[in-house]
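Printed here is run31.csv (CSV, C-alpha atoms):
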```
chain,number,residue,atom,x,y,z
B,856,MET,CA,80.6,96.3,-56.1
B,857,ASP,CA,77.5,98.2,-55.1
B,858,SER,CA,77.7,100.8,-52.4
B,859,GLY,CA,74.6,102.5,-50.9
B,860,GLY,CA,73.0,103.8,-47.8
B,861,SER,CA,72.6,100.3,-46.3
B,862,GLY,CA,76.1,99.1,-46.8
B,863,LEU,CA,78.5,97.7,-49.4
B,864,ARG,CA,78.0,94.5,-51.4
B,865,VAL,CA,80.6,92.7,-53.6
B,866,ALA,CA,80.1,90.0,-56.2
B,867,LEU,CA,82.8,87.9,-57.9
B,868,GLY,CA,82.0,86.6,-61.4
B,869,ALA,CA,83.6,84.7,-64.2
B,870,VAL,CA,84.1,86.1,-67.7
B,871,GLY,CA,81.3,84.7,-69.9
B,872,SER,CA,79.0,83.7,-67.0
B,873,ASP,CA,76.0,85.9,-66.0
B,874,ALA,CA,75.6,84.6,-62.5
B,875,PRO,CA,77.9,85.5,-59.6
B,876,LEU,CA,80.3,82.9,-58.3
B,877,ALA,CA,80.1,84.4,-54.8
B,878,THR,CA,78.9,87.5,-53.0
B,879,ALA,CA,79.6,89.2,-49.7
B,880,ALA,CA,78.2,92.1,-47.8
B,881,CYS,CA,79.7,94.7,-45.5
B,882,ALA,CA,77.0,96.2,-43.3
B,883,GLU,CA,78.8,99.6,-42.7
B,884,PRO,CA,77.9,102.2,-45.3
B,885,VAL,CA,80.9,104.0,-46.8
B,886,ARG,CA,81.4,107.3,-45.2
B,887,THR,CA,81.0,110.7,-47.0
B,888,GLY,CA,83.3,113.5,-46.0
B,889,PRO,CA,84.3,117.0,-47.1
B,890,ARG,CA,85.8,115.6,-50.3
B,891,GLY,CA,82.8,113.4,-51.1
B,892,ILE,CA,82.7,109.6,-50.8
B,893,ASP,CA,85.6,108.4,-48.7
B,894,ALA,CA,87.9,106.4,-50.9
B,895,ALA,CA,90.0,105.1,-48.0
B,896,HIS,CA,87.0,103.8,-46.2
B,897,LEU,CA,85.6,102.1,-49.3
B,898,LEU,CA,89.0,100.4,-49.9
B,899,GLU,CA,89.2,99.4,-46.3
B,900,GLN,CA,86.1,97.3,-46.8
B,901,LEU,CA,86.4,96.3,-50.4
B,902,LEU,CA,90.0,95.0,-50.6
B,903,PRO,CA,89.8,92.3,-47.9
B,904,THR,CA,86.3,91.3,-49.1
B,905,ALA,CA,87.6,90.8,-52.7
B,906,THR,CA,90.6,88.9,-51.5
B,907,GLU,CA,88.3,86.6,-49.4
B,908,LEU,CA,86.0,86.0,-52.4
B,909,LEU,CA,89.0,85.0,-54.5
B,910,ALA,CA,90.2,82.7,-51.8
B,911,ARG,CA,86.8,80.9,-51.7
B,912,GLN,CA,87.4,80.0,-55.4
B,913,GLY,CA,90.7,78.3,-54.6
B,914,GLY,CA,92.9,81.4,-54.8
B,915,GLY,CA,94.1,80.6,-58.3
B,916,GLY,CA,92.1,83.3,-60.2
B,917,ARG,CA,92.7,86.9,-60.7
B,918,ILE,CA,90.5,90.0,-61.1
B,919,VAL,CA,90.7,91.1,-64.8
B,920,ALA,CA,88.0,93.9,-64.5
B,921,ALA,CA,86.1,95.7,-61.8
B,922,ALA,CA,83.0,97.9,-61.7
B,923,ILE,CA,82.3,100.1,-58.7
B,924,GLY,CA,78.7,101.4,-58.4
B,925,ALA,CA,78.0,103.9,-55.7
B,926,ALA,CA,75.2,106.1,-54.6
B,927,GLY,CA,76.3,109.7,-55.0
B,928,MET,CA,79.1,108.8,-57.5
B,929,ALA,CA,77.9,111.5,-59.9
B,930,THR,CA,78.1,114.4,-57.5
B,931,LEU,CA,80.3,113.1,-54.7
B,932,GLY,CA,82.7,110.7,-56.5
B,933,ASP,CA,85.7,113.0,-57.2
B,934,GLN,CA,87.9,111.2,-54.6
B,935,LEU,CA,86.9,107.8,-55.9
B,936,ARG,CA,87.7,108.7,-59.5
B,937,SER,CA,91.1,110.2,-58.5
B,938,GLU,CA,92.3,107.4,-56.1
B,939,LEU,CA,90.6,104.1,-56.9
B,940,PRO,CA,92.3,103.3,-60.3
B,941,ALA,CA,95.8,103.3,-58.9
B,942,ALA,CA,94.8,101.7,-55.6
B,943,LEU,CA,93.0,98.8,-57.2
B,944,ALA,CA,95.8,98.3,-59.7
B,945,ASP,CA,98.3,98.1,-56.9
B,946,ALA,CA,96.3,95.9,-54.5
B,947,LEU,CA,94.5,93.6,-56.9
B,948,GLY,CA,96.2,94.0,-60.3
B,949,VAL,CA,93.0,95.5,-61.8
B,950,ARG,CA,93.7,97.2,-65.1
B,951,ARG,CA,90.1,97.6,-66.4
B,952,LEU,CA,87.9,99.6,-64.2
B,953,ALA,CA,84.5,101.3,-64.4
B,954,LEU,CA,83.2,103.8,-61.8
B,955,ALA,CA,79.5,104.2,-62.1
B,956,ALA,CA,76.6,106.0,-60.4
B,957,ASP,CA,74.1,103.6,-58.8
B,958,ALA,CA,71.5,104.6,-61.4
B,959,VAL,CA,73.8,103.3,-64.1
B,960,THR,CA,74.4,100.0,-62.4
B,961,ALA,CA,70.6,99.8,-61.7
B,962,TYR,CA,70.1,100.3,-65.5
B,963,ALA,CA,72.7,97.6,-66.4
B,964,GLY,CA,71.0,95.2,-63.9
B,965,ALA,CA,67.5,95.9,-65.1
B,966,VAL,CA,67.9,96.5,-68.9
B,967,GLY,CA,71.4,95.3,-69.7
B,968,GLN,CA,73.1,96.9,-72.7
B,969,ARG,CA,70.1,97.7,-74.7
B,970,PRO,CA,68.5,101.1,-75.4
B,971,GLY,CA,65.8,101.9,-72.9
B,972,ALA,CA,65.2,103.5,-69.5
B,973,VAL,CA,65.1,102.6,-65.9
B,974,VAL,CA,63.1,104.3,-63.1
B,975,ALA,CA,64.6,103.6,-59.7
B,976,GLY,CA,62.0,104.4,-57.0
B,977,GLY,CA,62.3,104.1,-53.3
B,978,THR,CA,62.4,106.9,-50.8
B,979,GLY,CA,63.4,109.1,-53.7
B,980,LEU,CA,63.1,108.7,-57.5
B,981,ILE,CA,65.4,109.0,-60.5
B,982,ALA,CA,65.0,108.0,-64.1
B,983,LEU,CA,67.9,107.3,-66.4
B,984,GLY,CA,67.8,106.3,-70.1
B,985,THR,CA,70.1,105.9,-73.1
B,986,ASP,CA,70.0,105.2,-76.8
B,987,LEU,CA,73.6,103.9,-76.4
B,988,THR,CA,75.0,107.2,-77.6
B,989,ARG,CA,74.4,109.3,-74.5
B,990,TRP,CA,72.7,109.2,-71.1
B,991,ARG,CA,69.6,111.2,-70.2
B,992,ARG,CA,68.7,111.8,-66.5
B,993,ALA,CA,65.6,113.1,-64.9
B,994,ASP,CA,64.9,114.0,-61.3
B,995,GLY,CA,66.8,112.4,-58.4
B,996,TRP,CA,67.2,115.9,-56.9
B,997,GLY,CA,66.2,115.0,-53.3
B,998,HIS,CA,63.0,115.4,-51.4
B,999,LEU,CA,63.2,119.2,-51.2
B,1000,LEU,CA,63.9,119.8,-54.9
B,1001,GLY,CA,62.3,116.9,-56.6
B,1002,ASP,CA,62.0,113.1,-56.3
B,1003,SER,CA,58.5,113.7,-57.5
B,1004,GLY,CA,56.3,110.6,-57.2
B,1005,GLY,CA,58.8,108.8,-55.0
B,1006,GLY,CA,58.1,107.4,-51.5
B,1007,ALA,CA,58.8,110.6,-49.6
B,1008,TRP,CA,56.7,112.6,-52.0
B,1009,ILE,CA,53.8,110.2,-51.7
B,1010,GLY,CA,54.1,110.1,-47.9
B,1011,ARG,CA,54.3,113.8,-47.6
B,1012,ALA,CA,51.2,114.3,-49.8
B,1013,GLY,CA,49.4,111.8,-47.6
B,1014,LEU,CA,50.4,113.5,-44.4
B,1015,ASP,CA,49.4,116.9,-45.9
B,1016,ALA,CA,45.9,115.5,-46.7
B,1017,ALA,CA,45.7,114.1,-43.2
B,1018,MET,CA,46.5,117.5,-41.6
B,1019,ARG,CA,44.0,119.2,-43.9
B,1020,ALA,CA,41.3,116.8,-42.5
B,1021,HIS,CA,42.5,117.6,-38.9
B,1022,ASP,CA,42.1,121.3,-39.6
B,1023,GLY,CA,38.9,121.0,-41.6
B,1024,ARG,CA,40.5,122.4,-44.7
B,1025,ARG,CA,39.5,121.5,-48.2
B,1026,GLY,CA,41.2,118.5,-49.7
B,1027,GLY,CA,41.5,116.6,-46.5
B,1028,SER,CA,41.2,112.9,-46.0
B,1029,PRO,CA,39.7,111.5,-42.7
B,1030,ALA,CA,41.0,108.0,-43.7
B,1031,LEU,CA,44.5,109.3,-43.9
B,1032,LEU,CA,44.1,111.2,-40.7
B,1033,ALA,CA,43.1,108.0,-39.0
B,1034,ARG,CA,46.2,106.3,-40.3
B,1035,LEU,CA,48.5,109.2,-39.3
B,1036,GLU,CA,47.2,109.0,-35.7
B,1037,ALA,CA,47.6,105.2,-35.7
B,1038,VAL,CA,51.2,105.4,-36.9
B,1039,PHE,CA,52.5,108.7,-35.3
B,1040,GLY,CA,50.0,109.6,-32.6
B,1041,PRO,CA,48.0,112.8,-32.2
B,1042,ALA,CA,48.2,115.0,-35.4
B,1043,PRO,CA,49.3,118.2,-33.6
B,1044,GLU,CA,52.4,116.4,-32.3
B,1045,LEU,CA,53.6,115.4,-35.8
B,1046,PRO,CA,55.7,118.5,-36.5
B,1047,GLY,CA,57.6,118.0,-33.3
B,1048,LEU,CA,58.3,114.4,-34.2
B,1049,LEU,CA,59.2,115.1,-37.9
B,1050,TYR,CA,61.1,118.3,-38.1
B,1051,PRO,CA,64.0,117.5,-35.8
B,1052,ARG,CA,64.7,114.2,-37.6
B,1053,THR,CA,67.8,114.0,-39.8
B,1054,ASP,CA,66.1,111.1,-41.7
B,1055,ARG,CA,63.0,113.1,-42.6
B,1056,PRO,CA,62.8,111.6,-46.2
B,1057,ALA,CA,62.7,108.1,-44.8
B,1058,VAL,CA,60.1,109.0,-42.2
B,1059,LEU,CA,57.9,110.6,-44.9
B,1060,ALA,CA,58.3,107.6,-47.1
B,1061,SER,CA,57.3,105.3,-44.3
B,1062,PHE,CA,53.7,106.7,-44.7
B,1063,ALA,CA,53.5,105.9,-48.4
B,1064,PRO,CA,52.2,102.4,-47.9
B,1065,GLU,CA,49.4,103.8,-45.7
B,1066,VAL,CA,48.4,106.0,-48.7
B,1067,ALA,CA,48.4,102.9,-50.9
B,1068,ALA,CA,46.3,100.9,-48.4
B,1069,CYS,CA,43.7,103.7,-48.3
B,1070,ALA,CA,43.6,104.2,-52.1
B,1071,ALA,CA,40.9,101.5,-52.8
B,1072,HIS,CA,38.3,103.3,-50.6
B,1073,ASP,CA,39.5,106.9,-50.3
B,1074,PRO,CA,39.4,109.2,-53.4
B,1075,VAL,CA,42.0,111.6,-51.9
B,1076,ALA,CA,44.6,108.7,-51.5
B,1077,GLU,CA,43.7,107.4,-54.9
B,1078,GLY,CA,44.3,110.9,-56.3
B,1079,ILE,CA,47.7,111.1,-54.6
B,1080,LEU,CA,48.9,107.9,-56.3
B,1081,ARG,CA,47.5,109.0,-59.6
B,1082,ASP,CA,49.4,112.3,-59.3
B,1083,ALA,CA,52.6,110.3,-58.3
B,1084,ALA,CA,52.1,108.1,-61.4
B,1085,GLY,CA,51.9,111.2,-63.6
B,1086,HIS,CA,55.2,112.4,-62.2
B,1087,ILE,CA,56.9,109.0,-62.6
B,1088,ALA,CA,55.7,108.7,-66.2
B,1089,ALA,CA,57.0,112.3,-66.9
B,1090,ALA,CA,60.4,111.3,-65.7
B,1091,ALA,CA,60.4,108.2,-67.8
B,1092,ALA,CA,59.2,110.1,-70.8
B,1093,ALA,CA,62.0,112.6,-70.4
B,1094,VAL,CA,64.8,110.0,-70.6
B,1095,CYS,CA,63.3,107.3,-72.8
B,1096,PRO,CA,64.9,107.1,-76.3
B,1097,LYS,CA,62.8,108.7,-78.9
B,1098,ALA,CA,60.9,106.3,-81.2
B,1099,GLY,CA,62.6,105.7,-84.5
B,1100,ALA,CA,61.1,105.6,-87.9
B,1101,ASP,CA,59.8,102.1,-87.3
B,1102,ASP,CA,58.2,103.2,-84.0
B,1103,GLU,CA,60.4,100.7,-82.1
B,1104,GLU,CA,59.3,100.1,-78.5
B,1105,TYR,CA,61.8,100.5,-75.6
B,1106,GLU,CA,61.6,98.9,-72.2
B,1107,VAL,CA,61.2,101.1,-69.1
B,1108,ALA,CA,62.3,99.0,-66.2
B,1109,LEU,CA,60.7,99.8,-62.8
B,1110,THR,CA,63.1,99.0,-60.0
B,1111,GLY,CA,63.1,99.6,-56.3
B,1112,GLY,CA,60.8,99.2,-53.3
B,1113,LEU,CA,58.4,101.9,-54.4
B,1114,PHE,CA,56.8,99.6,-57.0
B,1115,ARG,CA,56.1,96.9,-54.4
B,1116,MET,CA,53.0,99.0,-53.7
B,1117,GLY,CA,51.4,97.0,-56.5
B,1118,ASP,CA,48.3,97.9,-58.4
B,1119,PRO,CA,47.3,101.1,-56.5
B,1120,LEU,CA,50.4,102.7,-58.1
B,1121,LEU,CA,51.1,100.4,-61.1
B,1122,VAL,CA,47.7,100.6,-62.7
B,1123,PRO,CA,47.6,104.4,-63.0
B,1124,LEU,CA,51.4,104.4,-63.9
B,1125,ARG,CA,50.8,102.1,-66.8
B,1126,GLU,CA,48.0,104.4,-68.0
B,1127,GLU,CA,50.2,107.5,-67.6
B,1128,LEU,CA,53.1,105.8,-69.5
B,1129,ALA,CA,50.8,104.9,-72.3
B,1130,ARG,CA,49.7,108.5,-72.5
B,1131,GLN,CA,53.1,110.3,-72.0
B,1132,ALA,CA,55.5,107.8,-73.4
B,1133,PRO,CA,53.6,105.6,-75.9
B,1134,GLN,CA,56.9,104.1,-77.2
B,1135,ALA,CA,57.7,102.8,-73.7
B,1136,ARG,CA,56.8,99.3,-72.4
B,1137,ALA,CA,57.0,99.0,-68.6
B,1138,VAL,CA,58.7,95.9,-67.3
B,1139,PRO,CA,59.8,94.8,-63.9
B,1140,GLY,CA,63.6,95.1,-63.3
B,1141,SER,CA,65.4,91.9,-64.1
B,1142,GLY,CA,68.4,92.5,-61.9
B,1143,ASP,CA,69.7,94.8,-59.1
B,1144,PRO,CA,72.6,97.2,-59.0
B,1145,LEU,CA,75.1,94.6,-57.8
B,1146,ILE,CA,74.2,92.4,-60.8
B,1147,GLY,CA,74.5,95.5,-63.0
B,1148,SER,CA,78.0,96.2,-61.7
B,1149,LEU,CA,78.9,92.6,-62.4
B,1150,ARG,CA,77.6,92.9,-66.0
B,1151,ILE,CA,79.6,96.1,-66.6
B,1152,ALA,CA,82.8,94.4,-65.3
B,1153,GLN,CA,82.2,91.4,-67.5
B,1154,ALA,CA,81.6,93.6,-70.6
B,1155,LEU,CA,84.9,95.5,-69.7
B,1156,ALA,CA,86.7,92.2,-69.5
B,1157,THR,CA,85.7,91.2,-73.0
B,1158,GLY,CA,85.9,94.7,-74.6
B,1159,GLY,CA,82.2,94.6,-75.1
B,1160,LEU,CA,80.9,97.6,-73.1
B,1161,LEU,CA,78.2,99.3,-75.1
B,1162,LEU,CA,76.8,101.6,-72.4
B,1163,PRO,CA,78.0,105.2,-73.1
B,1164,HIS,CA,80.8,106.7,-71.1
B,1165,HIS,CA,80.2,109.8,-69.1
B,1166,PRO,CA,82.6,111.8,-66.9
B,1167,THR,CA,80.6,111.2,-63.7
B,1168,LEU,CA,77.8,108.7,-64.5
B,1169,LEU,CA,80.0,106.0,-66.1
B,1170,CYS,CA,83.7,106.8,-66.0
B,1171,ILE,CA,86.3,104.4,-67.5
B,1172,PRO,CA,89.7,105.7,-66.3
B,1173,LEU,CA,92.8,104.8,-68.2
B,1174,SER,CA,94.1,102.5,-65.5
B,1175,GLY,CA,96.4,100.2,-67.3
B,1176,PRO,CA,98.4,99.5,-70.4
B,1177,ASP,CA,95.8,97.2,-71.9
B,1178,GLN,CA,92.9,99.6,-71.7
B,1179,ARG,CA,92.1,102.4,-74.1
B,1180,PRO,CA,90.5,105.6,-73.0
B,1181,ASP,CA,87.3,104.6,-74.8
B,1182,GLY,CA,87.0,101.6,-72.5
B,1183,GLY,CA,87.9,99.0,-75.0
B,1184,VAL,CA,90.9,96.7,-74.8
B,1185,THR,CA,93.7,96.4,-77.2
B,1186,GLU,CA,94.3,93.3,-79.2
B,1187,GLN,CA,97.1,92.3,-77.0
B,1188,GLY,CA,95.0,92.6,-73.8
B,1189,SER,CA,91.9,90.9,-75.1
```
Do you think you could lay out the structure here as structure tokens?
Amino acid sequence: MDSGGSGLRVALGAVGSDAPLATAACAEPVRTGPRGIDAAHLLEQLLPTATELLARQGGGGRIVAAAIGAAGMATLGDQLRSELPAALADALGVRRLALAADAVTAYAGAVGQRPGAVVAGGTGLIALGTDLTRWRRADGWGHLLGDSGGGAWIGRAGLDAAMRAHDGRRGGSPALLARLEAVFGPAPELPGLLYPRTDRPAVLASFAPEVAACAAHDPVAEGILRDAAGHIAAAAAAVCPKAGADDEEYEVALTGGLFRMGDPLLVPLREELARQAPQARAVPGSGDPLIGSLRIAQALATGGLLLPHHPTLLCIPLSGPDQRPDGGVTEQGS
């Protein structure tokens, strides 16, 4: 399962097969309340969906392992970690369970179970890496405290340059000012449009493609993307496994809508990665967080989970008699 801001997705797979047998989507995002992510609301959507997916396969199968990936799991997942193991065991007979942050499922979907790193870029930005002994995280702190180089960061920098041009201040971009006015209307009205919004990061990020479109002919826009590339490379360098004695290269998978900007961002990013993380090799992500969840569940089912456990990033609760605390399975349960 993959739970995020746009809703909840569920995939059913077979042990030993990398492709999902069936998938389903629930359009309503899982609620977040005073205790974090609402476990009851998640189960309200997940249980009937899982039952339906089993029925599509003839109803004769059973779920031997599950992986739940959720945005906010690391900081808002206490209720999920305390309630889901027993609930899924009672309702679906699940005895092997992984509860993962969406950055971990994005890693599993993009890199698999190899050492490396993933940079997930959209409105925000987070980097996660592992040498298979522990996780390293960089950024993902939101648009006020970080997410440097992400969509909201690029959009805000572009709007700043546009407002500078409106004022006649140094560092302004007439090209970006023209795009601001085309998208939002008169520049002096922008604060009134932006500040009352509860979705300010998304509104800021919506201007990032305008910055990319101007980069080919506007040095200010080009500089914003180059600065963004530097921040992204710094996050990747902070989490990428250190090169060993043989200078082994590691993959850095780039996932998320941010990288659909193409060459205006990717060209300076490759240059920055070569400078800041010479042991890294940038590759496009090969799978999404839902596929990552499925891969983690399949690894649990066979006792082959190599990704390191973590109390909040990748929790493997002791949910049944055939699962050890380290996430493996006993000989009897394998």
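The shortest atom-to-atom distance to Val1075 of chain B, with all atoms listed in the file taken into account, belongs to B:Leu1031 out of B:Ala1037, B:Leu943, B:Leu1031, B:Ala1057.
The residue set within 7 Å of Thr988 of chain B, counting all atoms listed in the file and dropping same-chain residues fewer than 2 places from it, reads B:Thr985, B:Asp986, B:Pro1163.
We find atom CA of Leu1145 of chain B and atom CA of Val959 of chain B to be spaced 10.8 Å apart.
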Using 12 Å as the limit and counting all atoms listed in the file, can you tabulate each residue of segment 945-1058 of chain B that touches segment 897-916 of chain B, with its shortest atom-to-atom distance in Å and the two atoms involved, as JSON lines?
```
{"residue": "B:Asp945", "atom": "CA", "partner": "B:Leu902", "partner_atom": "CA", "distance": 10.9}
{"residue": "B:Ala946", "atom": "CA", "partner": "B:Leu902", "partner_atom": "CA", "distance": 7.5}
{"residue": "B:Leu947", "atom": "CA", "partner": "B:Leu902", "partner_atom": "CA", "distance": 7.9}
{"residue": "B:Gly948", "atom": "CA", "partner": "B:Gly916", "partner_atom": "CA", "distance": 11.5}
{"residue": "B:Val949", "atom": "CA", "partner": "B:Ala905", "partner_atom": "CA", "distance": 11.6}
```
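Across the structure, atom CA of Ile892 of chain B and atom CA of Gln934 of chain B are spaced 6.6 Å apart.
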Separating atom CA of Leu999 of chain B from atom CA of Pro1074 of chain B, to the nearest tenth of an Å, is a gap of 25.9 Å
